[in-house]
Each structure stands twice: as C-alpha cells, then as structure tokens.
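Chemist: Below are the structure tokens for one structure; questions will follow.
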Amino acid sequence: MHEFRTMLLRIYGSALLQVGDHHVSMRAFRARPGDIEVMVRTQVASSVGGDPIPLDYRLEKTDAGWKIYDVNILGVSLVENFKNSFASEINQNGVDGLIKALTDRNKELASQSKG
C-alpha cells in the first residue's frame, strides 16, 4: 500500500504541478438520502481554449465522511486501469513481484524529479 500511494503521489502530484490556468466546473449533481456511492462529474477547461476535459470522481460514504475511491478521466477509470495492470504483474511474478515493480517505479520517478 505504501508503494502504491507513493507512486500515485509522484505521478499525479507532478502532473498537477504542470497544470496552468484551468477552471474546474461542476456538472449537475443529485444525491439521494441514503446513497452510499455517488459520481461527482466535473469538467476542466483551459483559459486558453480547447475542449473541456471530463473529470469524474466516484465517492463512497464512510464513517469518516465521503472518500474518493476512483477518478475517471476521459472515460478511463484509474481503478480499472491499475487493476488490470496489477493483475498482469501478479499473474507473472506474484504479489512480491508487484511490490518490487512498484518500488522500482518509485525509485525511477524519484530520480527523474531530481534531474
């Protein structure tokens, strides 16, 4: 879990640092009382033009409040994307192989950020 969290922070943190002047707008949203899962739909638009990018968040209600558990960018679910790539790695090299691959990827990302 530590290696996965580190990888996400490195990849998406560095991507967010490169984002310039953008505007995020919420699309219509309705949650019903008792819902424990919701989809929050947003669009990200650049101030210099171009088509807005759909960026949707899947949230689950927990005892600690609402928590994002998936992000969908341009119709691609991060959960499904990682699930598929991790399943492939586990099938080939087991769970220890997946952990090693994540550790190696984090080392690579760390060295790139220093360069």
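Going through the structure tokens in order, the chains are called A, B, and so on, while each chain numbers its residues from 1 and the ligands are numbered from 1 in the order shown.
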Hey, what does DSSP flag as strand (DSSP E or B) within chain A? Can you give it to me as a PyMOL selection string?

Modeler: chain A and resi 22-26+37-46+53-62+65-73+76-77

Chemist: Give me the residues near Gly75 in chain A as JSON, numbers by chain, where near means some atom within 10 Å (using only C-alpha atoms) and where sequence neighbours in that chain fewer than 3 positions away do not count.

Modeler: {"A": [53, 54, 55, 56, 71, 72, 78]}

Chemist: Go ahead and write the residues just picked, N, CA, C and O atoms, as a PDB file, in the first residue's frame.

Modeler:
ATOM      1  N   ILE A  53     -12.241  18.942 -20.550  1.00  0.00           N
ATOM      2  CA  ILE A  53     -11.956  17.527 -20.295  1.00  0.00           C
ATOM      3  C   ILE A  53     -12.852  17.047 -19.164  1.00  0.00           C
ATOM      4  O   ILE A  53     -12.850  17.634 -18.075  1.00  0.00           O
ATOM      5  N   PRO A  54     -13.618  15.960 -19.405  1.00  0.00           N
ATOM      6  CA  PRO A  54     -14.428  15.421 -18.313  1.00  0.00           C
ATOM      7  C   PRO A  54     -13.536  14.738 -17.276  1.00  0.00           C
ATOM      8  O   PRO A  54     -12.655  13.954 -17.622  1.00  0.00           O
ATOM      9  N   LEU A  55     -13.754  15.079 -16.017  1.00  0.00           N
ATOM     10  CA  LEU A  55     -13.010  14.516 -14.899  1.00  0.00           C
ATOM     11  C   LEU A  55     -14.028  14.192 -13.812  1.00  0.00           C
ATOM     12  O   LEU A  55     -14.586  15.095 -13.195  1.00  0.00           O
ATOM     13  N   ASP A  56     -14.296  12.904 -13.637  1.00  0.00           N
ATOM     14  CA  ASP A  56     -15.346  12.472 -12.722  1.00  0.00           C
ATOM     15  C   ASP A  56     -14.747  11.714 -11.541  1.00  0.00           C
ATOM     16  O   ASP A  56     -13.736  11.026 -11.680  1.00  0.00           O
ATOM     17  N   VAL A  71     -11.114   7.829  -9.914  1.00  0.00           N
ATOM     18  CA  VAL A  71     -11.140   9.017 -10.753  1.00  0.00           C
ATOM     19  C   VAL A  71     -11.245   8.536 -12.186  1.00  0.00           C
ATOM     20  O   VAL A  71     -10.558   7.605 -12.591  1.00  0.00           O
ATOM     21  N   ASN A  72     -12.124   9.164 -12.940  1.00  0.00           N
ATOM     22  CA  ASN A  72     -12.349   8.783 -14.327  1.00  0.00           C
ATOM     23  C   ASN A  72     -12.000   9.987 -15.198  1.00  0.00           C
ATOM     24  O   ASN A  72     -12.643  11.036 -15.099  1.00  0.00           O
ATOM     25  N   LEU A  78      -9.241   5.044 -13.300  1.00  0.00           N
ATOM     26  CA  LEU A  78      -7.928   4.720 -12.749  1.00  0.00           C
ATOM     27  C   LEU A  78      -7.954   3.386 -12.018  1.00  0.00           C
ATOM     28  O   LEU A  78      -6.995   2.616 -12.094  1.00  0.00           O
TER      29      LEU A  78
END

Chemist: Which residues in chain A does DSSP call helix (DSSP H, G or I)? List them as an MDAnalysis selection string.

Modeler: chainID A and resid 2:17 78:114

Chemist: Write out as CSV a residue-level contact list of range 1-74 of chain A versus range 99-104 of chain A with cut-off 8 Å: for each qualifying residue the closest pair of atoms and the distance in Å to one decimal, counting only C-alpha atoms, rows sorted by chain and residue number upward.

Modeler:
residue,atom,partner,partner_atom,distance
A:Glu3,CA,A:Leu102,CA,5.8
A:Phe4,CA,A:Leu102,CA,6.5
A:Met7,CA,A:Leu102,CA,7.1

Chemist: Excluding same-chain residues fewer than 2 positions from Val38 in chain A, what lies within 10 Å of it counting only C-alpha atoms, as a PyMOL selection string?

Modeler: chain A and resi 29-32+35-36+40-41+57-61+66+68

Chemist: How many Å lie between CA of Phe86 in chain A and CA of Gly65 in chain A, rounded to one decimal?

Modeler: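 One can read the CA of Phe86 in chain A to CA of Gly65 in chain A distance as 28.2 Å.
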
Chemist: Could you list, as a tab-separated table (two decimals) with N, CA, C and O atoms, in the first residue's frame, every residue within 12 Å of range 45-52 of chain A, counting only C-alpha atoms and ignoring same-chain residues fewer than 6 positions away?

Modeler:
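Writing the result to selection-v2.tsv gives the following:
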chain	number	residue	atom	x	y	z
A	19	VAL	N	0.01	21.90	-14.41
A	19	VAL	CA	-1.26	22.47	-14.85
A	19	VAL	C	-1.21	23.98	-14.68
A	19	VAL	O	-0.86	24.48	-13.61
A	20	GLY	N	-1.54	24.67	-15.73
A	20	GLY	CA	-1.53	26.13	-15.69
A	20	GLY	C	-2.88	26.68	-15.26
A	20	GLY	O	-3.50	26.19	-14.33
A	21	ASP	N	-3.33	27.65	-15.99
A	21	ASP	CA	-4.57	28.35	-15.67
A	21	ASP	C	-5.76	27.57	-16.20
A	21	ASP	O	-6.09	27.65	-17.38
A	22	HIS	N	-6.38	26.79	-15.33
A	22	HIS	CA	-7.54	25.97	-15.69
A	22	HIS	C	-8.70	26.27	-14.75
A	22	HIS	O	-8.49	26.70	-13.62
A	23	HIS	N	-9.88	26.01	-15.24
A	23	HIS	CA	-11.09	26.23	-14.46
A	23	HIS	C	-11.83	24.90	-14.34
A	23	HIS	O	-12.03	24.21	-15.34
A	24	VAL	N	-12.21	24.53	-13.13
A	24	VAL	CA	-12.98	23.30	-12.90
A	24	VAL	C	-14.42	23.70	-12.63
A	24	VAL	O	-14.70	24.54	-11.78
A	25	SER	N	-15.34	23.10	-13.39
A	25	SER	CA	-16.76	23.38	-13.15
A	25	SER	C	-17.48	22.07	-12.83
A	25	SER	O	-17.16	21.02	-13.38
A	26	MET	N	-18.41	22.17	-11.91
A	26	MET	CA	-19.22	21.03	-11.50
A	26	MET	C	-20.38	20.90	-12.48
A	26	MET	O	-20.97	21.90	-12.89
A	27	ARG	N	-20.69	19.67	-12.84
A	27	ARG	CA	-21.87	19.42	-13.65
A	27	ARG	C	-23.01	19.08	-12.72
A	27	ARG	O	-22.81	18.88	-11.52
A	73	ILE	N	-10.97	9.83	-16.03
A	73	ILE	CA	-10.53	10.91	-16.90
A	73	ILE	C	-10.76	10.48	-18.34
A	73	ILE	O	-10.24	9.44	-18.77
A	74	LEU	N	-11.54	11.28	-19.06
A	74	LEU	CA	-11.85	10.98	-20.47
A	74	LEU	C	-12.39	9.56	-20.64
A	74	LEU	O	-12.07	8.87	-21.60

Chemist: Of the residues A:Asn84, A:Ser111, A:Thr62, A:Asn106, which is the one nearest to Arg10 in chain A, using only C-alpha atoms?

Modeler: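 Going through A:Asn84, A:Ser111, A:Thr62, A:Asn106 one by one, the smallest distance to Arg10 in chain A is for A:Asn106.
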
Chemist: Can you measure CA of Arg105 in chain A to CA of Gly13 in chain A for me? One decimal in Å is fine.

Modeler: 15.0 Å

Chemist: What is the distance between CA of His2 in chain A and CA of Ser113 in chain A, in Å to one decimal?

Modeler: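 Going from CA of His2 in chain A over to CA of Ser113 in chain A covers 18.9 Å.
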